[in-house]
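**Q** Got a file for you: data-v5.txt, compact mmCIF, C-alpha atoms.
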```txt
# COMPACT_ATOMS: atom_id res chain seq x y z
CA MET F 13 -60.98 25.98 102.07
CA THR F 14 -57.89 25.25 99.98
CA ALA F 15 -54.49 24.65 101.44
CA SER F 16 -53.20 27.97 100.07
CA SER F 17 -55.98 29.95 101.74
CA THR F 18 -56.23 31.16 105.31
CA ILE F 19 -58.90 32.89 107.35
CA ARG F 20 -58.26 36.54 108.06
CA PRO F 21 -59.22 37.96 111.46
CA ALA F 22 -62.67 39.44 111.75
CA ASP F 23 -62.98 42.88 110.18
CA ALA F 24 -64.92 45.85 111.54
CA THR F 25 -68.25 44.27 110.53
CA GLY F 26 -67.51 41.02 112.38
CA HIS F 27 -67.18 38.94 109.20
CA ARG F 28 -64.16 36.77 108.51
CA ARG F 29 -62.64 37.03 105.04
CA ALA F 30 -60.78 34.37 103.14
CA ASP F 31 -57.18 35.04 102.20
CA GLY F 32 -55.21 33.78 99.23
CA PRO F 33 -53.82 34.66 95.78
CA LEU F 34 -57.25 34.60 94.13
CA VAL F 35 -58.79 36.98 96.67
CA ASP F 36 -55.78 39.32 96.49
CA ARG F 37 -56.00 39.37 92.70
CA TRP F 38 -59.72 40.12 92.85
CA GLU F 39 -59.19 43.02 95.28
CA SER F 40 -56.41 44.35 93.07
CA GLU F 41 -58.68 44.32 90.02
CA ILE F 42 -61.44 46.08 91.99
CA ARG F 43 -59.03 48.85 93.05
CA LYS F 44 -57.76 49.18 89.50
CA ARG F 45 -61.29 49.44 88.10
CA ARG F 46 -62.23 52.08 90.65
CA LEU F 47 -59.13 54.07 89.75
CA TYR F 48 -59.92 53.88 86.02
CA THR F 49 -63.53 54.90 86.72
CA ALA F 50 -62.43 57.91 88.78
CA LEU F 51 -59.95 58.98 86.10
CA THR F 52 -62.59 58.63 83.37
CA VAL F 53 -65.18 60.64 85.29
CA GLY F 54 -62.59 63.30 86.07
CA LEU F 55 -61.55 63.51 82.42
CA ILE F 56 -65.16 63.82 81.25
CA ALA F 57 -65.82 66.54 83.83
CA LEU F 58 -62.69 68.41 82.76
CA LEU F 59 -63.61 68.22 79.08
CA THR F 60 -67.17 69.34 79.84
CA LEU F 61 -65.92 72.33 81.81
CA ALA F 62 -63.47 73.23 79.03
CA SER F 63 -66.27 72.98 76.45
CA LEU F 64 -68.53 75.24 78.50
CA ILE F 65 -65.77 77.81 78.91
CA PHE F 66 -65.03 77.71 75.18
CA ALA F 67 -68.72 78.03 74.31
CA ASN F 68 -69.10 80.91 76.74
CA GLU F 69 -66.15 82.77 75.23
CA THR F 70 -67.36 82.29 71.65
CA ASN F 71 -71.05 82.93 72.38
CA ALA F 72 -72.15 86.52 71.91
CA GLY F 73 -74.82 86.05 74.57
CA LYS F 74 -72.28 85.04 77.25
CA PHE F 75 -73.74 81.84 78.67
CA PHE F 76 -72.46 82.25 82.23
CA ASP F 77 -73.38 85.93 82.33
CA ARG F 78 -76.96 85.14 81.37
CA LEU F 79 -77.26 82.07 83.62
CA PRO F 80 -78.72 84.05 86.60
CA TYR F 81 -81.61 85.05 84.32
CA PHE F 82 -82.43 81.44 83.41
CA PHE F 83 -85.73 81.37 85.30
CA ASP F 84 -86.90 84.73 83.94
CA PHE F 85 -88.42 82.89 80.98
CA PHE F 86 -90.61 80.80 83.28
CA GLY F 87 -91.60 83.92 85.17
CA ASP F 88 -92.72 85.50 81.93
CA LEU F 89 -95.05 82.52 81.33
CA VAL F 90 -97.23 83.40 84.32
CA PRO F 91 -100.61 84.55 82.91
CA ARG F 92 -102.68 87.47 84.18
CA ASP F 93 -105.11 85.03 85.81
CA ALA F 94 -105.47 81.26 86.08
CA LEU F 95 -108.33 81.09 83.55
CA GLU F 96 -106.44 82.72 80.69
CA PRO F 97 -104.79 79.44 79.49
CA VAL F 98 -108.24 77.80 79.55
CA ARG F 99 -109.70 80.61 77.45
CA ALA F 100 -106.78 80.35 75.03
CA LEU F 101 -107.16 76.58 74.78
CA PHE F 102 -110.88 76.67 73.96
CA ASP F 103 -110.85 79.97 72.02
CA LEU F 104 -113.08 81.76 74.53
CA PRO F 105 -113.25 85.58 74.72
CA SER F 106 -110.83 87.18 77.16
CA PRO F 107 -111.78 90.03 79.50
CA TYR F 108 -108.37 91.54 78.75
CA ASP F 109 -108.99 91.76 75.01
CA ASN F 110 -107.62 95.12 73.87
CA GLY F 111 -107.73 94.48 70.14
CA SER F 112 -104.27 92.86 70.00
CA PHE F 113 -103.63 89.35 68.77
CA LYS F 114 -102.30 88.38 72.21
CA TYR F 115 -105.78 88.21 73.77
CA ASP F 116 -107.92 87.63 70.68
CA TYR F 117 -108.40 83.90 71.26
CA PRO F 118 -111.54 83.27 69.15
CA ILE F 119 -109.90 84.55 65.95
CA GLY F 120 -108.38 81.18 65.07
CA ARG F 121 -111.28 78.84 65.83
CA HIS F 122 -113.03 76.86 63.11
CA ASP F 123 -116.77 77.61 63.19
CA PHE F 124 -119.35 75.08 62.06
CA ILE F 125 -123.09 75.29 62.76
CA GLY F 126 -124.28 77.97 65.16
CA THR F 127 -122.15 78.01 68.27
CA LEU F 128 -120.44 74.72 67.42
CA TYR F 129 -116.76 75.17 66.68
CA ILE F 130 -113.37 73.44 66.94
CA PRO F 131 -110.67 75.37 68.84
CA GLU F 132 -107.64 76.36 66.80
CA TYR F 133 -105.16 74.39 68.88
CA PHE F 134 -107.23 71.22 68.71
CA MET F 135 -107.28 71.46 64.91
CA ALA F 136 -103.51 72.03 64.85
CA MET F 137 -102.97 69.10 67.23
CA LEU F 138 -105.13 66.93 64.98
CA GLU F 139 -102.94 67.90 62.03
CA THR F 140 -99.82 66.95 64.00
CA LEU F 141 -101.36 63.58 64.90
CA ASN F 142 -102.27 62.98 61.26
CA ILE F 143 -98.67 63.66 60.25
CA ALA F 144 -97.38 61.25 62.89
CA ILE F 145 -99.88 58.48 62.12
CA LEU F 146 -99.46 58.62 58.35
CA SER F 147 -95.67 58.76 58.66
CA THR F 148 -95.69 55.78 61.00
CA LEU F 149 -97.87 53.75 58.61
CA ILE F 150 -95.54 54.53 55.70
CA GLY F 151 -92.49 53.71 57.80
CA PHE F 152 -94.01 50.45 59.02
CA THR F 153 -94.96 49.35 55.49
CA PHE F 154 -91.56 49.88 53.91
CA GLY F 155 -89.64 48.84 57.01
CA PHE F 156 -91.63 45.59 57.06
CA LEU F 157 -90.87 44.90 53.41
CA LEU F 158 -87.17 45.70 53.67
CA CYS F 159 -86.35 44.00 56.98
CA PHE F 160 -86.58 40.45 55.62
CA LEU F 161 -84.13 41.28 52.82
CA ALA F 162 -81.68 42.61 55.42
CA SER F 163 -81.83 39.56 57.70
CA ARG F 164 -78.82 37.29 57.74
CA ASN F 165 -80.86 34.15 58.43
CA LEU F 166 -83.15 34.69 55.43
CA VAL F 167 -80.90 36.19 52.76
CA ARG F 168 -77.56 34.55 51.99
CA ASN F 169 -76.61 37.03 49.28
CA PHE F 170 -74.12 39.36 50.96
CA TRP F 171 -74.48 42.15 48.40
CA LEU F 172 -78.28 42.27 48.51
CA ARG F 173 -78.35 42.16 52.29
CA GLY F 174 -75.62 44.80 52.55
CA ALA F 175 -77.33 47.11 50.05
CA VAL F 176 -80.61 47.01 51.97
CA ARG F 177 -78.87 47.66 55.27
CA ARG F 178 -76.91 50.59 53.85
CA LEU F 179 -80.13 52.02 52.46
CA MET F 180 -81.79 51.90 55.87
CA GLU F 181 -78.71 53.44 57.47
CA LEU F 182 -78.88 56.29 54.95
CA LEU F 183 -82.56 56.88 55.66
CA ARG F 184 -82.02 57.22 59.41
CA ALA F 185 -78.64 58.97 59.22
CA PHE F 186 -80.10 62.48 59.42
CA PRO F 187 -82.53 63.82 62.04
CA GLU F 188 -86.10 64.46 60.96
CA ILE F 189 -85.71 68.22 61.28
CA VAL F 190 -82.77 68.23 58.83
CA ILE F 191 -84.71 66.18 56.29
CA ALA F 192 -87.73 68.43 56.80
CA GLY F 193 -85.64 71.53 56.12
CA PHE F 194 -84.49 69.96 52.86
CA PHE F 195 -88.06 69.16 51.75
CA VAL F 196 -89.40 72.55 52.87
CA ALA F 197 -86.86 74.21 50.57
CA ILE F 198 -88.15 72.09 47.67
CA MET F 199 -91.86 71.69 48.40
CA SER F 200 -92.58 74.90 50.38
CA LEU F 201 -94.25 75.02 53.80
CA GLY F 202 -96.94 72.63 54.94
CA PRO F 203 -97.55 69.13 56.28
CA ILE F 204 -96.30 67.27 53.17
CA PRO F 205 -92.59 67.96 53.86
CA ALA F 206 -93.16 66.94 57.50
CA ILE F 207 -94.77 63.64 56.46
CA ALA F 208 -91.93 62.90 54.04
CA ALA F 209 -89.24 63.70 56.63
CA VAL F 210 -90.75 61.67 59.47
CA ALA F 211 -91.64 58.75 57.19
CA ILE F 212 -88.12 58.53 55.74
CA HIS F 213 -86.50 58.44 59.18
CA THR F 214 -89.12 55.95 60.42
CA ILE F 215 -88.38 53.54 57.56
CA GLY F 216 -84.71 53.42 58.53
CA ALA F 217 -85.34 53.18 62.27
CA LEU F 218 -88.08 50.54 62.14
CA GLY F 219 -86.26 48.58 59.43
CA LYS F 220 -83.25 48.13 61.72
CA LEU F 221 -85.37 47.08 64.69
CA PHE F 222 -87.38 44.72 62.51
CA PHE F 223 -84.49 42.87 60.88
CA GLU F 224 -82.76 42.43 64.25
CA THR F 225 -85.98 40.85 65.53
CA VAL F 226 -86.16 38.58 62.49
CA GLU F 227 -82.57 37.44 63.02
CA ASN F 228 -83.51 36.31 66.55
CA ALA F 229 -86.51 34.28 65.36
CA ASP F 230 -86.67 30.51 65.79
CA MET F 231 -85.77 28.95 62.42
CA LYS F 232 -87.29 25.52 63.05
CA ALA F 233 -90.53 26.48 61.32
CA ASP F 234 -88.53 27.83 58.38
CA GLU F 235 -86.59 24.57 58.12
CA GLY F 236 -89.83 22.58 58.09
CA LEU F 237 -91.36 24.75 55.38
CA ARG F 238 -88.19 24.54 53.31
CA ALA F 239 -88.21 20.74 53.59
CA ALA F 240 -91.85 20.78 52.40
CA GLY F 241 -90.86 22.74 49.28
CA ALA F 242 -92.22 26.16 50.30
CA SER F 243 -91.00 29.24 48.45
CA TRP F 244 -89.03 32.02 50.13
CA VAL F 245 -92.14 34.21 50.42
CA GLU F 246 -94.14 31.35 51.93
CA ARG F 247 -91.40 30.63 54.45
CA VAL F 248 -91.39 34.26 55.52
CA ARG F 249 -95.18 34.49 55.57
CA PHE F 250 -95.91 31.33 57.58
CA GLY F 251 -92.62 30.64 59.39
CA ILE F 252 -91.29 34.04 60.45
CA VAL F 253 -94.06 36.64 60.45
CA PRO F 254 -96.26 34.94 63.11
CA GLN F 255 -93.26 34.92 65.48
CA VAL F 256 -92.14 38.51 65.01
CA ILE F 257 -95.37 40.44 64.45
CA PRO F 258 -95.98 41.11 68.20
CA ASN F 259 -92.56 42.72 68.51
CA PHE F 260 -93.11 44.56 65.23
CA MET F 261 -96.31 46.10 66.56
CA SER F 262 -94.68 46.99 69.85
CA TYR F 263 -91.85 48.82 68.08
CA THR F 264 -94.34 50.54 65.74
CA LEU F 265 -96.45 51.84 68.61
CA LEU F 266 -93.33 53.14 70.34
CA ARG F 267 -92.32 54.83 67.11
CA LEU F 268 -95.74 56.44 66.88
CA GLU F 269 -95.14 58.16 70.22
CA ILE F 270 -91.74 59.35 69.00
CA ASN F 271 -93.24 60.62 65.74
CA VAL F 272 -95.83 62.71 67.58
CA ARG F 273 -92.97 64.57 69.26
CA ALA F 274 -90.97 64.76 66.03
CA SER F 275 -93.97 66.17 64.14
CA THR F 276 -94.32 68.86 66.79
CA ILE F 277 -90.67 69.87 66.43
CA ILE F 278 -90.84 69.86 62.65
CA GLY F 279 -93.88 72.14 62.82
CA ALA F 280 -91.61 74.81 64.30
CA VAL F 281 -89.62 74.95 61.04
CA GLY F 282 -92.63 75.24 58.75
CA GLY F 283 -94.05 71.72 58.84
CA GLY F 284 -97.46 72.84 60.05
CA GLY F 285 -99.40 71.56 63.03
CA ILE F 286 -99.14 72.56 66.66
CA GLY F 287 -95.37 73.11 66.55
CA GLU F 288 -95.68 76.21 64.40
CA LEU F 289 -98.24 77.76 66.75
CA LEU F 290 -96.04 76.96 69.74
CA ARG F 291 -93.06 78.69 68.13
CA LEU F 292 -95.13 81.77 67.32
CA SER F 293 -96.64 82.02 70.81
CA ILE F 294 -93.22 81.75 72.48
CA SER F 295 -91.55 84.25 70.17
CA ARG F 296 -94.37 86.78 70.63
CA GLY F 297 -94.52 86.43 74.41
CA HIS F 298 -98.10 85.14 74.55
CA GLU F 299 -97.94 83.37 77.89
CA ALA F 300 -101.53 82.08 78.02
CA LYS F 301 -101.31 80.59 74.53
CA THR F 302 -97.95 79.00 75.29
CA LEU F 303 -99.25 77.33 78.44
CA ALA F 304 -102.38 76.13 76.64
CA ILE F 305 -100.34 74.52 73.86
CA VAL F 306 -97.90 72.90 76.30
CA PHE F 307 -100.80 71.47 78.32
CA LEU F 308 -102.47 70.15 75.16
CA LEU F 309 -99.21 68.55 74.03
CA PHE F 310 -98.75 66.87 77.40
CA CYS F 311 -102.31 65.49 77.40
CA THR F 312 -101.88 64.25 73.82
CA ILE F 313 -98.64 62.43 74.60
CA VAL F 314 -100.23 60.78 77.64
CA ALA F 315 -103.29 59.77 75.58
CA VAL F 316 -101.12 58.29 72.82
CA ASP F 317 -99.07 56.39 75.41
CA GLN F 318 -102.19 54.94 77.05
CA PHE F 319 -103.72 54.03 73.70
CA SER F 320 -100.49 52.31 72.67
CA ALA F 321 -100.45 50.29 75.89
CA TRP F 322 -104.09 49.25 75.40
CA LEU F 323 -103.57 48.30 71.75
CA ARG F 324 -100.41 46.37 72.61
CA ARG F 325 -102.35 44.32 75.12
CA ARG F 326 -105.07 43.64 72.57
CA LEU F 327 -102.56 42.49 69.95
CA ILE F 328 -100.20 40.48 72.16
CA GLY F 329 -102.67 39.24 74.76
CA ASP F 330 -102.98 39.75 78.50
CA GLN F 331 -101.02 36.56 79.21
CA ALA F 332 -97.83 38.31 78.08
CA PHE F 333 -98.29 40.86 80.89
CA ALA F 334 -99.29 38.44 83.63
CA VAL F 335 -96.98 38.20 86.63
CA ALA F 336 -95.78 34.66 87.27
```
Can you turn what I pasted into structure tokens?

**A**
Amino acid sequence: MTASSTIRPADATGHRRADGPLVDRWESEIRKRRLYTALTVGLIALLTLASLIFANETNAGKFFDRLPYFFDFFGDLVPRDALEPVRALFDLPSPYDNGSFKYDYPIGRHDFIGTLYIPEYFMAMLETLNIAILSTLIGFTFGFLLCFLASRNLVRNFWLRGAVRRLMELLRAFPEIVIAGFFVAIMSLGPIPAIAAVAIHTIGALGKLFFETVENADMKADEGLRAAGASWVERVRFGIVPQVIPNFMSYTLLRLEINVRASTIIGAVGGGGIGELLRLSISRGHEAKTLAIVFLLFCTIVAVDQFSAWLRRRLIGDQAFAVA
């Protein structure tokens, strides 16, 4: 204990606290930070409330007036019986079929030989997965090629490095659905605009993650290769890539999961796949079909997540996941 410090009497908890200028200053800063935090939270809450009031006044639907009916949508999703979503998922005949499209589940299935067929939603989900996988592969390829040119520790030319970084920023500046709307207007409906939109955004997103990983790489191997007379490509190939490829694959697998969701959303604006069928079933009030598609989407996302975890372990090795 310093000469300028004293021991305060025991507080309510029975602990003695040190006294002195340093402790007083620390308590003052704590009180000041708590005050600033309370003011910030209060300001954010006030602005949020003002925004909601403004949106309610300018919205023709009257947000607050319609709020009591929020759960009506979920009530409308309740099917006539528990087996209806199963019949809709596997394109099985419904006992409630009255000739309308709402209960005519087998109409969309893809028949093969005899009774062998592929349900409509499984085919649409496969199309969505194809869009996501192909877009991820394109994004990984170009992001991999561009990231080394954007890395400060590999490229000394400011203009080249800056141009590559600005290009990647431009590619990821707009959401996939905006890019997809642009390509749909040019190329018409279908999976091609969806692939182009998701791939473009993936190039920009993965390129940024990749070059930040490269900039954190250990440069000792690069220095050794440079001293041995290796070219720039050889230094990247043998000095940098072996270090960063595990992280590259981890980011790519994460991006694949994101692209599955993005492909579903883009399908709702004409990009094909399961998203378009989901939009149609919701807009038409087909509760069994909506529940079947939502369940299939959930199972697909879980399967992609588990596959990504398994593949990541295979690529990186189990030792990276071992608990010390």

**Q** Go through F:Arg324, F:His213, F:Arg273, F:His298 one by one, measure the shortest atom-to-atom distance of each to Ile286 of chain F using only C-alpha atoms, and give the residue with the smallest value.

**A**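 Using only C-alpha atoms, Ile286 of chain F sits closest to F:Arg273.
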
**Q** For Ala211 of chain F, which residue out of F:Val167, F:Val90, F:Ile189, F:Ala239 is the nearest one, using all atoms listed in the file?

**A** F:Ile189

**Q** Under the rule that only C-alpha atoms are counted, which of F:Leu221, F:Tyr115, F:Gly202, F:Arg78 is the nearest residue to Val256 of chain F?

**A** F:Leu221

**Q** Between F:Lys301, F:Leu268, F:Phe124, F:Val248, single out the one closest to Leu104 of chain F, counting all atoms listed in the file.

**A**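 Using all atoms listed in the file, Leu104 of chain F sits closest to F:Lys301.
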
**Q** What is the distance between atom CA of Gly193 of chain F and atom CA of Gly216 of chain F, in Å to one decimal?

**A** 18.3 Å

**Q** Taking only C-alpha atoms into account, name the residue in F:Arg296, F:Arg92, F:Arg121, F:Arg178 that is nearest to Ala162 of chain F.

**A**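 Ranking F:Arg296, F:Arg92, F:Arg121, F:Arg178 by distance to Ala162 of chain F, first place goes to F:Arg178.
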
**Q** Could you tell me, as a ChimeraX atom specification, which residues have any atom at most 12 Å from (-104.0, 89.8, 74.3), counting all atoms listed in the file?

**A** /F:91-92,96-97,99-100,105-119,293,296-301

**Q** Build an axis-aligned box that encloses every atom of segment 286-304 of chain F listed in the file, pad it by 3 Å on each side, and report its centre and edge lengths in Å to one decimal, as JSON.

**A**
```
{"center_x": -97.0, "center_y": 79.7, "center_z": 71.4, "size_x": 16.8, "size_y": 20.2, "size_z": 20.0}
```

**Q** Take the point (-82.0, 54.3, 58.9) in the file's coordinates, draw a sphere of radius 7 Å around it, and report as a ChimeraX atom specification every protein, DNA or RNA residue with an atom inside or on it, counting all atoms listed in the file.

**A** /F:180-185,213,215-217,220

**Q** Return the single residue from F:Phe154, F:Phe170, F:Phe223, F:Phe310 that is closest to Val272 of chain F, with distances computed using all atoms listed in the file.

**A**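 Of F:Phe154, F:Phe170, F:Phe223, F:Phe310, the one nearest Val272 of chain F, counting all atoms listed in the file, is F:Phe310.
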
**Q** Could you list, as a VMD selection string, every residue within 6 Å of segment 225-238 of chain F, counting only C-alpha atoms and ignoring same-chain residues fewer than 5 positions away?

**A** chain F and resid 163 165 247 251

**Q** Would you export the selected residues with C-alpha atoms as a short mmCIF file (atom, residue, chain, number, x, y, z; two decimals), in the frame of the given file, please?

**A**
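Printed below is out_3.cif as written:
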```cif
data_model
loop_
_atom_site.label_atom_id
_atom_site.label_comp_id
_atom_site.auth_asym_id
_atom_site.auth_seq_id
_atom_site.Cartn_x
_atom_site.Cartn_y
_atom_site.Cartn_z
CA SER F 163 -81.83 39.56 57.70
CA ASN F 165 -80.86 34.15 58.43
CA ARG F 247 -91.40 30.63 54.45
CA GLY F 251 -92.62 30.64 59.39
#
```

**Q** Rounded to one decimal, what separation in Å do you get between atom CA of Phe152 of chain F and atom CA of Thr214 of chain F?

**A** 7.5 Å

**Q** Measure the distance from atom CA of Ser200 of chain F to atom CA of Thr302 of chain F in Å and round it to one decimal.

**A**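 One can read the atom CA of Ser200 of chain F to atom CA of Thr302 of chain F distance as 25.8 Å.
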
**Q** Where atoms are missing, can you supply N, CA and C atoms for segment 211-232 of chain F and output the lot as a compact mmCIF listing (two decimals), keeping the file's coordinate frame?

**A**
```txt
# COMPACT_ATOMS: atom_id res chain seq x y z
N ALA F 211 -91.49 60.09 57.77
CA ALA F 211 -91.64 58.75 57.19
C ALA F 211 -90.29 58.18 56.78
N ILE F 212 -89.44 59.00 56.18
CA ILE F 212 -88.12 58.53 55.74
C ILE F 212 -87.30 58.05 56.94
N HIS F 213 -87.26 58.84 58.00
CA HIS F 213 -86.50 58.44 59.18
C HIS F 213 -87.12 57.21 59.83
N THR F 214 -88.44 57.10 59.81
CA THR F 214 -89.12 55.95 60.42
C THR F 214 -88.81 54.66 59.67
N ILE F 215 -88.72 54.73 58.34
CA ILE F 215 -88.38 53.54 57.56
C ILE F 215 -87.02 52.99 58.00
N GLY F 216 -86.03 53.87 58.12
CA GLY F 216 -84.71 53.42 58.53
C GLY F 216 -84.66 52.90 59.95
N ALA F 217 -85.37 53.59 60.86
CA ALA F 217 -85.34 53.18 62.27
C ALA F 217 -86.09 51.87 62.49
N LEU F 218 -87.31 51.77 61.96
CA LEU F 218 -88.08 50.54 62.14
C LEU F 218 -87.46 49.38 61.37
N GLY F 219 -86.90 49.65 60.20
CA GLY F 219 -86.26 48.58 59.43
C GLY F 219 -85.15 47.91 60.21
N LYS F 220 -84.34 48.71 60.92
CA LYS F 220 -83.25 48.13 61.72
C LYS F 220 -83.80 47.29 62.87
N LEU F 221 -84.78 47.83 63.59
CA LEU F 221 -85.37 47.08 64.69
C LEU F 221 -86.04 45.80 64.20
N PHE F 222 -86.67 45.88 63.04
CA PHE F 222 -87.38 44.72 62.51
C PHE F 222 -86.41 43.61 62.10
N PHE F 223 -85.36 43.95 61.36
CA PHE F 223 -84.49 42.87 60.88
C PHE F 223 -83.68 42.24 62.03
N GLU F 224 -83.41 43.03 63.09
CA GLU F 224 -82.76 42.43 64.25
C GLU F 224 -83.71 41.46 64.96
N THR F 225 -84.99 41.77 64.96
CA THR F 225 -85.98 40.85 65.53
C THR F 225 -86.09 39.58 64.70
N VAL F 226 -86.07 39.73 63.39
CA VAL F 226 -86.16 38.58 62.49
C VAL F 226 -84.95 37.67 62.68
N GLU F 227 -83.78 38.25 62.85
CA GLU F 227 -82.57 37.44 63.02
C GLU F 227 -82.59 36.64 64.32
N ASN F 228 -83.40 37.05 65.29
CA ASN F 228 -83.51 36.31 66.55
C ASN F 228 -84.68 35.33 66.55
N ALA F 229 -85.36 35.18 65.42
CA ALA F 229 -86.51 34.28 65.36
C ALA F 229 -86.05 32.83 65.34
N ASP F 230 -86.93 31.95 65.81
CA ASP F 230 -86.67 30.51 65.79
C ASP F 230 -86.82 30.01 64.35
N MET F 231 -85.79 29.36 63.82
CA MET F 231 -85.77 28.95 62.42
C MET F 231 -86.28 27.53 62.20
N LYS F 232 -86.80 26.89 63.23
CA LYS F 232 -87.29 25.52 63.05
C LYS F 232 -88.48 25.47 62.09
```
